[in-house]
>>> print(open('my_file-v7.json').read())   # JSON, C-alpha atoms and all ligand atoms
[["chain", "number", "residue", "atom", "x", "y", "z"],
["A", 1, "MET", "CA", 0.00, 0.00, 0.00],
["A", 2, "ASN", "CA", 1.45, 3.39, -0.90],
["A", 3, "VAL", "CA", 1.27, 6.30, 1.51],
["A", 4, "TYR", "CA", -1.54, 8.15, -0.28],
["A", 5, "ASP", "CA", -3.69, 5.01, -0.30],
["A", 6, "ALA", "CA", -3.03, 4.54, 3.44],
["A", 7, "VAL", "CA", -3.98, 8.17, 4.12],
["A", 8, "LYS", "CA", -7.21, 7.74, 2.14],
["A", 9, "LYS", "CA", -8.03, 4.37, 3.69],
["A", 10, "ARG", "CA", -7.32, 5.25, 7.33],
["A", 11, "ARG", "CA", -10.48, 6.00, 9.24],
["A", 12, "THR", "CA", -11.06, 6.17, 12.95],
["A", 13, "ILE", "CA", -12.44, 2.78, 13.97],
["A", 14, "ARG", "CA", -14.50, 2.47, 17.14],
["A", 15, "LYS", "CA", -15.75, -1.13, 16.92],
["A", 16, "PHE", "CA", -13.12, -3.83, 16.99],
["A", 17, "ARG", "CA", -12.88, -7.60, 16.72],
["A", 18, "GLN", "CA", -11.26, -9.10, 19.78],
["A", 19, "ASP", "CA", -8.62, -11.20, 17.96],
["A", 20, "PRO", "CA", -5.18, -10.45, 19.37],
["A", 21, "LEU", "CA", -2.69, -8.56, 17.23],
["A", 22, "LYS", "CA", 0.67, -10.02, 16.34],
["A", 23, "GLN", "CA", 3.43, -8.74, 18.61],
["A", 24, "GLU", "CA", 5.60, -7.98, 15.57],
["A", 25, "ASP", "CA", 2.82, -5.83, 14.10],
["A", 26, "ILE", "CA", 2.49, -3.87, 17.33],
["A", 27, "MET", "CA", 6.24, -3.34, 17.39],
["A", 28, "GLN", "CA", 6.27, -2.25, 13.73],
["A", 29, "ILE", "CA", 3.55, 0.30, 14.50],
["A", 30, "ILE", "CA", 5.53, 1.69, 17.44],
["A", 31, "ASP", "CA", 8.69, 1.68, 15.33],
["A", 32, "CYS", "CA", 6.91, 4.08, 12.97],
["A", 33, "ALA", "CA", 6.35, 6.43, 15.93],
["A", 34, "ARG", "CA", 10.04, 6.10, 16.77],
["A", 35, "LEU", "CA", 10.92, 7.23, 13.24],
["A", 36, "ALA", "CA", 8.44, 10.13, 13.18],
["A", 37, "PRO", "CA", 9.56, 13.76, 13.08],
["A", 38, "TYR", "CA", 10.22, 15.38, 16.48],
["A", 39, "GLY", "CA", 10.79, 19.05, 17.22],
["A", 40, "ALA", "CA", 14.56, 19.60, 17.80],
["A", 41, "ASN", "CA", 14.75, 15.79, 17.54],
["A", 42, "LEU", "CA", 14.17, 15.59, 21.30],
["A", 43, "GLN", "CA", 12.08, 12.39, 20.95],
["A", 44, "PRO", "CA", 10.29, 12.84, 24.27],
["A", 45, "LEU", "CA", 7.67, 10.14, 23.74],
["A", 46, "LYS", "CA", 7.55, 6.65, 25.24],
["A", 47, "PHE", "CA", 4.97, 3.98, 24.47],
["A", 48, "ALA", "CA", 3.32, 1.42, 26.73],
["A", 49, "VAL", "CA", 1.32, -1.49, 25.29],
["A", 50, "ILE", "CA", -1.79, -2.60, 27.19],
["A", 51, "THR", "CA", -3.47, -5.87, 26.22],
["A", 52, "ASP", "CA", -4.30, -7.35, 29.63],
["A", 53, "GLU", "CA", -8.09, -7.70, 29.96],
["A", 54, "SER", "CA", -8.30, -6.55, 33.57],
["A", 55, "LYS", "CA", -6.30, -3.42, 32.75],
["A", 56, "ARG", "CA", -8.50, -2.74, 29.71],
["A", 57, "LYS", "CA", -11.59, -3.09, 31.90],
["A", 58, "GLU", "CA", -10.13, -0.45, 34.20],
["A", 59, "LEU", "CA", -9.53, 1.81, 31.21],
["A", 60, "TYR", "CA", -13.06, 1.35, 29.87],
["A", 61, "PRO", "CA", -14.78, 4.07, 31.96],
["A", 62, "LEU", "CA", -11.86, 6.47, 31.49],
["A", 63, "ILE", "CA", -12.21, 6.75, 27.71],
["A", 64, "LYS", "CA", -14.92, 8.47, 25.70],
["A", 65, "TYR", "CA", -15.57, 7.43, 22.13],
["A", 66, "ALA", "CA", -17.35, 9.30, 19.36],
["A", 67, "GLY", "CA", -18.15, 12.65, 20.94],
["A", 68, "TYR", "CA", -20.72, 13.39, 18.22],
["A", 69, "LEU", "CA", -22.67, 10.24, 19.02],
["A", 70, "THR", "CA", -23.47, 11.55, 22.46],
["A", 71, "ASP", "CA", -25.24, 8.52, 23.87],
["A", 72, "TRP", "CA", -22.98, 5.92, 22.27],
["A", 73, "ASN", "CA", -19.93, 4.11, 23.57],
["A", 74, "PRO", "CA", -18.75, 0.71, 22.34],
["A", 75, "GLU", "CA", -19.55, -2.31, 24.47],
["A", 76, "PHE", "CA", -16.44, -3.60, 26.21],
["A", 77, "GLU", "CA", -16.47, -6.52, 23.71],
["A", 78, "GLU", "CA", -16.17, -4.00, 20.85],
["A", 79, "CYS", "CA", -13.33, -2.01, 22.41],
["A", 80, "PRO", "CA", -9.76, -2.15, 21.13],
["A", 81, "PRO", "CA", -7.97, -5.31, 22.25],
["A", 82, "VAL", "CA", -4.75, -3.32, 22.30],
["A", 83, "PHE", "CA", -4.06, 0.15, 23.65],
["A", 84, "ILE", "CA", -0.85, 2.06, 23.24],
["A", 85, "ALA", "CA", -0.40, 4.71, 25.91],
["A", 86, "VAL", "CA", 1.55, 7.58, 24.36],
["A", 87, "LEU", "CA", 3.57, 9.06, 27.19],
["A", 88, "ASN", "CA", 5.53, 12.27, 27.27],
["A", 89, "ASP", "CA", 8.76, 11.99, 29.23],
["A", 90, "THR", "CA", 8.80, 15.31, 31.09],
["A", 91, "SER", "CA", 12.51, 14.95, 31.76],
["A", 92, "LEU", "CA", 13.03, 15.36, 28.01],
["A", 93, "LYS", "CA", 10.40, 17.98, 27.12],
["A", 94, "PRO", "CA", 7.54, 19.77, 28.90],
["A", 95, "THR", "CA", 4.25, 18.13, 27.98],
["A", 96, "ALA", "CA", 2.74, 21.48, 26.99],
["A", 97, "LYS", "CA", 5.33, 21.66, 24.20],
["A", 98, "SER", "CA", 5.06, 18.08, 22.95],
["A", 99, "GLU", "CA", 1.60, 18.23, 21.38],
["A", 100, "CYS", "CA", 2.93, 18.31, 17.80],
["A", 101, "ASP", "CA", 5.35, 15.49, 18.60],
["A", 102, "SER", "CA", 2.41, 13.38, 19.74],
["A", 103, "GLY", "CA", 0.49, 14.33, 16.61],
["A", 104, "ALA", "CA", 3.28, 13.23, 14.30],
["A", 105, "ALA", "CA", 3.86, 10.02, 16.25],
["A", 106, "VAL", "CA", 0.21, 9.00, 16.49],
["A", 107, "THR", "CA", -0.42, 9.80, 12.83],
["A", 108, "SER", "CA", 2.53, 7.65, 11.83],
["A", 109, "MET", "CA", 1.19, 4.79, 13.96],
["A", 110, "CYS", "CA", -2.33, 5.08, 12.51],
["A", 111, "LEU", "CA", -0.98, 4.93, 8.95],
["A", 112, "ALA", "CA", 1.29, 2.00, 9.76],
["A", 113, "ALA", "CA", -1.70, 0.21, 11.29],
["A", 114, "THR", "CA", -3.78, 0.86, 8.16],
["A", 115, "GLU", "CA", -1.17, -0.78, 5.97],
["A", 116, "LEU", "CA", -1.29, -3.85, 8.24],
["A", 117, "GLY", "CA", -5.10, -4.03, 8.03],
["A", 118, "ILE", "CA", -5.37, -2.89, 11.65],
["A", 119, "GLY", "CA", -7.92, -0.29, 12.71],
["A", 120, "SER", "CA", -6.97, 2.57, 14.99],
["A", 121, "CYS", "CA", -8.73, 5.04, 17.25],
["A", 122, "TRP", "CA", -6.80, 8.07, 18.44],
["A", 123, "LEU", "CA", -8.15, 8.88, 21.90],
["A", 124, "GLY", "CA", -7.89, 12.29, 23.48],
["A", 125, "ALA", "CA", -11.15, 12.42, 25.45],
["A", 126, "ILE", "CA", -9.57, 10.46, 28.26],
["A", 127, "ASP", "CA", -9.13, 10.90, 32.00],
["A", 128, "ARG", "CA", -5.35, 11.27, 31.94],
["A", 129, "ALA", "CA", -4.85, 11.53, 35.69],
["A", 130, "LYS", "CA", -6.87, 8.40, 36.45],
["A", 131, "ILE", "CA", -5.27, 6.45, 33.60],
["A", 132, "LYS", "CA", -1.85, 7.35, 34.98],
["A", 133, "THR", "CA", -2.82, 6.08, 38.43],
["A", 134, "LYS", "CA", -4.64, 2.94, 37.27],
["A", 135, "LEU", "CA", -1.76, 1.87, 35.01],
["A", 136, "GLY", "CA", 0.86, 2.74, 37.63],
["A", 137, "ILE", "CA", 2.71, 5.03, 35.24],
["A", 138, "ASP", "CA", 5.87, 6.63, 36.63],
["A", 139, "GLU", "CA", 5.53, 10.23, 37.83],
["A", 140, "LYS", "CA", 7.88, 11.58, 35.15],
["A", 141, "TYR", "CA", 5.55, 10.55, 32.31],
["A", 142, "ASP", "CA", 2.37, 12.38, 31.31],
["A", 143, "VAL", "CA", -0.29, 10.57, 29.34],
["A", 144, "ALA", "CA", -0.51, 12.44, 26.05],
["A", 145, "TYR", "CA", -2.95, 10.17, 24.21],
["A", 146, "MET", "CA", -4.18, 6.63, 24.10],
["A", 147, "LEU", "CA", -4.28, 4.81, 20.77],
["A", 148, "GLY", "CA", -6.73, 1.95, 20.41],
["A", 149, "LEU", "CA", -5.76, -0.76, 17.94],
["A", 150, "GLY", "CA", -7.40, -3.92, 16.65],
["A", 151, "TYR", "CA", -8.88, -5.56, 13.60],
["A", 152, "PRO", "CA", -11.88, -3.48, 12.53],
["A", 153, "ALA", "CA", -15.45, -4.65, 13.14],
["A", 154, "GLN", "CA", -16.79, -1.67, 11.19],
["A", 155, "SER", "CA", -15.76, 0.09, 8.04],
["A", 156, "GLY", "CA", -15.32, 3.78, 7.49],
["A", 157, "GLU", "CA", -15.43, 6.12, 4.56],
["A", 158, "THR", "CA", -15.34, 9.81, 3.84],
["A", 159, "PHE", "CA", -17.69, 11.99, 1.84],
["A", 160, "ASP", "CA", -17.52, 15.61, 0.72],
["A", 161, "MET", "CA", -18.68, 17.80, 3.56],
["A", 162, "LYS", "CA", -21.50, 20.24, 2.94],
["A", 163, "ASP", "CA", -22.26, 22.17, 6.12],
["A", 164, "ASP", "CA", -22.00, 19.65, 8.94],
["A", 165, "ILE", "CA", -18.73, 18.38, 10.43],
["A", 166, "LYS", "CA", -20.39, 15.52, 12.30],
["A", 167, "TYR", "CA", -19.61, 11.96, 11.34],
["A", 168, "TYR", "CA", -22.35, 9.39, 11.70],
["A", 169, "PHE", "CA", -22.87, 5.64, 11.89],
["A", 170, "ASP", "CA", -25.19, 4.19, 9.24],
["A", 171, "GLU", "CA", -27.76, 1.45, 9.81],
["A", 172, "ASN", "CA", -25.00, -1.16, 9.53],
["A", 173, "GLY", "CA", -22.86, 0.56, 12.15],
["A", 174, "ASN", "CA", -20.28, 1.81, 9.67],
["A", 175, "VAL", "CA", -18.86, 5.29, 10.06],
["A", 176, "HIS", "CA", -19.21, 8.05, 7.46],
["A", 177, "VAL", "CA", -16.89, 11.01, 7.91],
["A", 178, "PRO", "CA", -17.42, 14.39, 6.22],
["A", 179, "LYS", "CA", -14.23, 16.02, 4.97],
["A", 180, "ARG", "CA", -13.96, 19.52, 3.54],
["A", 181, "LYS", "CA", -13.37, 19.48, -0.22],
["A", 182, "LEU", "CA", -9.84, 20.13, -1.44],
["A", 183, "SER", "CA", -11.07, 23.26, -3.23],
["A", 184, "ASP", "CA", -12.48, 24.53, 0.09],
["A", 185, "ILE", "CA", -9.15, 24.41, 1.91],
["A", 186, "ILE", "CA", -6.90, 25.98, -0.72],
["A", 187, "ILE", "CA", -6.38, 29.68, -0.11],
["A", 188, "ASP", "CA", -5.26, 31.86, -3.01],
["A", 189, "LEU", "CA", -2.80, 34.55, -1.97],
["B", 201, "LIG", "C1", -6.27, 14.82, 18.86],
["B", 201, "LIG", "C2", -7.38, 13.85, 18.56],
["B", 201, "LIG", "C3", -8.14, 13.35, 19.59],
["B", 201, "LIG", "C4", -9.17, 12.43, 19.33],
["B", 201, "LIG", "N1", -9.88, 11.92, 20.37],
["B", 201, "LIG", "C5", -10.89, 11.05, 20.12],
["B", 201, "LIG", "C6", -11.61, 10.48, 21.21],
["B", 201, "LIG", "O1", -11.33, 10.75, 22.37],
["B", 201, "LIG", "N2", -12.61, 9.60, 20.92],
["B", 201, "LIG", "C7", -12.92, 9.26, 19.64],
["B", 201, "LIG", "O2", -13.83, 8.46, 19.46],
["B", 201, "LIG", "N3", -12.24, 9.77, 18.58],
["B", 201, "LIG", "C8", -11.24, 10.65, 18.80],
["B", 201, "LIG", "N4", -10.52, 11.18, 17.75],
["B", 201, "LIG", "C9", -10.85, 10.77, 16.38],
["B", 201, "LIG", "C10", -11.60, 11.89, 15.63],
["B", 201, "LIG", "O3", -12.92, 11.96, 16.09],
["B", 201, "LIG", "C11", -11.54, 11.55, 14.12],
["B", 201, "LIG", "O4", -10.21, 11.68, 13.68],
["B", 201, "LIG", "C12", -12.44, 12.48, 13.29],
["B", 201, "LIG", "O5", -13.79, 12.27, 13.59],
["B", 201, "LIG", "C13", -12.23, 12.28, 11.80],
["B", 201, "LIG", "O6", -12.42, 10.92, 11.42],
["B", 201, "LIG", "P1", -11.29, 10.10, 10.69],
["B", 201, "LIG", "O7", -10.17, 9.90, 11.71],
["B", 201, "LIG", "O8", -11.91, 8.82, 10.30],
["B", 201, "LIG", "O9", -10.80, 10.91, 9.54],
["B", 201, "LIG", "C14", -9.46, 12.05, 18.00],
["B", 201, "LIG", "C15", -8.66, 12.55, 16.95],
["B", 201, "LIG", "C16", -7.62, 13.43, 17.23],
["B", 201, "LIG", "C17", -6.75, 13.94, 16.09]]
>>> encode(input="my_file-v7.json", output="structure tokens")
Amino acid sequence: MNVYDAVKKRRTIRKFRQDPLKQEDIMQIIDCARLAPYGANLQPLKFAVITDESKRKELYPLIKYAGYLTDWNPEFEECPPVFIAVLNDTSLKPTAKSECDSGAAVTSMCLAATELGIGSCWLGAIDRAKIKTKLGIDEKYDVAYMLGLGYPAQSGETFDMKDDIKYYFDENGNVHVPKRKLSDIIIDL
């Protein structure tokens, strides 16, 4: 799969099959975060893999999915079987300054996952303080984001946005995501 195809194919997936992922695939995905661009090449991010069911059950109430589907959250059995906690090492960079680093790293991981046929859900609506405590994360790390990974149990596609930015699930539970048209985001100077 070339990069453009991966960019087009990648959609946020919020319903997952529970089959485990191959360890080598998880490591390849994290390797792509390792190789991502970092401001001043400080590389402040560390990555923790969570697959243990009891830990995932503890995470379940601390994560909010699909903010536009206000009364919807996946059942636990639809949640990602793998989470990667993206941690900012505050001894290397203040967390307030590592937002773009996280963005580049998570994007790289999502695209790598797409190529492997693995769905991803970038999670920012999370209770960072509680996640840090529940997972016993060392004081020097801040939770930047969680990334949910797993084989998709729904499909996703984009359509040209008219006037509403809200994505929706269709009758089959598949996600449709409005994107602004290319001509709408090009500014002539
Ligand atoms: C910084 C950031 C935080 C996000 N947090 C969440 C989240 O907490 N829960 C969720 O369901 N999706 C989350 N998303 C996914 C977005 O909702 C999704 O990218 C957007 O709806 C566009 O869909 P697409 O990823 O399929 O293009 C997040 C995305 C980004 C970039």
>>> closest_atom_pairs(input="my_file-v7.json", of="chain A", to="ligand LIG 201 (chain B)", cutoff="9 Å", atoms="only C-alpha atoms and all ligand atoms", output="JSON lines")
{"residue": "A:Lys8", "atom": "CA", "partner": "B:LIG201", "partner_atom": "O9", "distance": 8.8}
{"residue": "A:Lys9", "atom": "CA", "partner": "B:LIG201", "partner_atom": "O8", "distance": 8.9}
{"residue": "A:Arg10", "atom": "CA", "partner": "B:LIG201", "partner_atom": "O8", "distance": 6.5}
{"residue": "A:Arg11", "atom": "CA", "partner": "B:LIG201", "partner_atom": "O8", "distance": 3.3}
{"residue": "A:Thr12", "atom": "CA", "partner": "B:LIG201", "partner_atom": "O8", "distance": 3.8}
{"residue": "A:Ile13", "atom": "CA", "partner": "B:LIG201", "partner_atom": "O8", "distance": 7.1}
{"residue": "A:Arg14", "atom": "CA", "partner": "B:LIG201", "partner_atom": "O2", "distance": 6.5}
{"residue": "A:Ile63", "atom": "CA", "partner": "B:LIG201", "partner_atom": "O1", "distance": 6.7}
{"residue": "A:Lys64", "atom": "CA", "partner": "B:LIG201", "partner_atom": "O1", "distance": 5.4}
{"residue": "A:Tyr65", "atom": "CA", "partner": "B:LIG201", "partner_atom": "O2", "distance": 3.3}
{"residue": "A:Ala66", "atom": "CA", "partner": "B:LIG201", "partner_atom": "O2", "distance": 3.6}
{"residue": "A:Gly67", "atom": "CA", "partner": "B:LIG201", "partner_atom": "O2", "distance": 6.2}
{"residue": "A:Tyr68", "atom": "CA", "partner": "B:LIG201", "partner_atom": "O3", "distance": 8.2}
{"residue": "A:Asn73", "atom": "CA", "partner": "B:LIG201", "partner_atom": "O2", "distance": 8.5}
{"residue": "A:Glu99", "atom": "CA", "partner": "B:LIG201", "partner_atom": "C1", "distance": 8.9}
{"residue": "A:Ser102", "atom": "CA", "partner": "B:LIG201", "partner_atom": "C1", "distance": 8.8}
{"residue": "A:Gly103", "atom": "CA", "partner": "B:LIG201", "partner_atom": "C1", "distance": 7.1}
{"residue": "A:Val106", "atom": "CA", "partner": "B:LIG201", "partner_atom": "C17", "distance": 8.5}
{"residue": "A:Thr107", "atom": "CA", "partner": "B:LIG201", "partner_atom": "C17", "distance": 8.2}
{"residue": "A:Ser120", "atom": "CA", "partner": "B:LIG201", "partner_atom": "O7", "distance": 8.6}
{"residue": "A:Cys121", "atom": "CA", "partner": "B:LIG201", "partner_atom": "N3", "distance": 6.0}
{"residue": "A:Trp122", "atom": "CA", "partner": "B:LIG201", "partner_atom": "C14", "distance": 4.8}
{"residue": "A:Leu123", "atom": "CA", "partner": "B:LIG201", "partner_atom": "O1", "distance": 3.7}
{"residue": "A:Gly124", "atom": "CA", "partner": "B:LIG201", "partner_atom": "N1", "distance": 3.7}
{"residue": "A:Ala125", "atom": "CA", "partner": "B:LIG201", "partner_atom": "O1", "distance": 3.5}
{"residue": "A:Ile126", "atom": "CA", "partner": "B:LIG201", "partner_atom": "O1", "distance": 6.2}
{"residue": "A:Tyr145", "atom": "CA", "partner": "B:LIG201", "partner_atom": "C3", "distance": 7.6}
{"residue": "A:Met146", "atom": "CA", "partner": "B:LIG201", "partner_atom": "O1", "distance": 8.4}
{"residue": "A:Gly156", "atom": "CA", "partner": "B:LIG201", "partner_atom": "O8", "distance": 6.7}
{"residue": "A:Glu157", "atom": "CA", "partner": "B:LIG201", "partner_atom": "O8", "distance": 7.3}
{"residue": "A:Thr158", "atom": "CA", "partner": "B:LIG201", "partner_atom": "O9", "distance": 7.4}
{"residue": "A:Ile165", "atom": "CA", "partner": "B:LIG201", "partner_atom": "O5", "distance": 8.5}
{"residue": "A:Lys166", "atom": "CA", "partner": "B:LIG201", "partner_atom": "O5", "distance": 7.5}
{"residue": "A:Tyr167", "atom": "CA", "partner": "B:LIG201", "partner_atom": "O5", "distance": 6.2}
{"residue": "A:Val175", "atom": "CA", "partner": "B:LIG201", "partner_atom": "O8", "distance": 7.8}
{"residue": "A:His176", "atom": "CA", "partner": "B:LIG201", "partner_atom": "O8", "distance": 7.9}
{"residue": "A:Val177", "atom": "CA", "partner": "B:LIG201", "partner_atom": "O6", "distance": 5.7}
{"residue": "A:Pro178", "atom": "CA", "partner": "B:LIG201", "partner_atom": "C13", "distance": 7.9}
{"residue": "A:Lys179", "atom": "CA", "partner": "B:LIG201", "partner_atom": "O9", "distance": 7.7}
>>> closest_residue(input="my_file-v7.json", among="A:Lys55, A:Ile26, A:Asp19, A:Pro44", to="Thr133 of chain A", atoms="all atoms listed in the file")
A:Lys55
>>> closest_residue(input="my_file-v7.json", among="A:Leu62, A:Leu21, A:Leu147, A:Leu69", to="Ser108 of chain A", atoms="only C-alpha atoms")
A:Leu147
>>> atom_distance(input="my_file-v7.json", atom1="atom CA of Gly148 of chain A", atom2="atom CA of Ile84 of chain A")
6.5 Å
>>> axis_aligned_box(input="my_file-v7.json", around="segment 162-181 of chain A", padding_each_side="5 Å", output="lines of an AutoDock Vina configuration file")
center_x = -20.6
center_y = 10.5
center_z = 6.0
size_x = 24.4
size_y = 33.3
size_z = 22.5
>>> atom_distance(input="my_file-v7.json", atom1="atom CA of Glu24 of chain A", atom2="atom CA of Arg56 of chain A")
20.6 Å
>>> closest_residue(input="my_file-v7.json", among="A:Leu182, A:Leu111, A:Ala48, A:Cys79", to="Pro61 of chain A", atoms="all atoms listed in the file")
A:Cys79
>>> residues_around(input="my_file-v7.json", residues="Tyr151 of chain A", least_positions_apart="6", cutoff="6 Å", atoms="all atoms listed in the file", output="PyMOL selection string")
chain A and resi 16-17+118-119
>>> atom_distance(input="my_file-v7.json", atom1="atom CA of Glu78 of chain A", atom2="atom CA of Asp170 of chain A")
16.8 Å
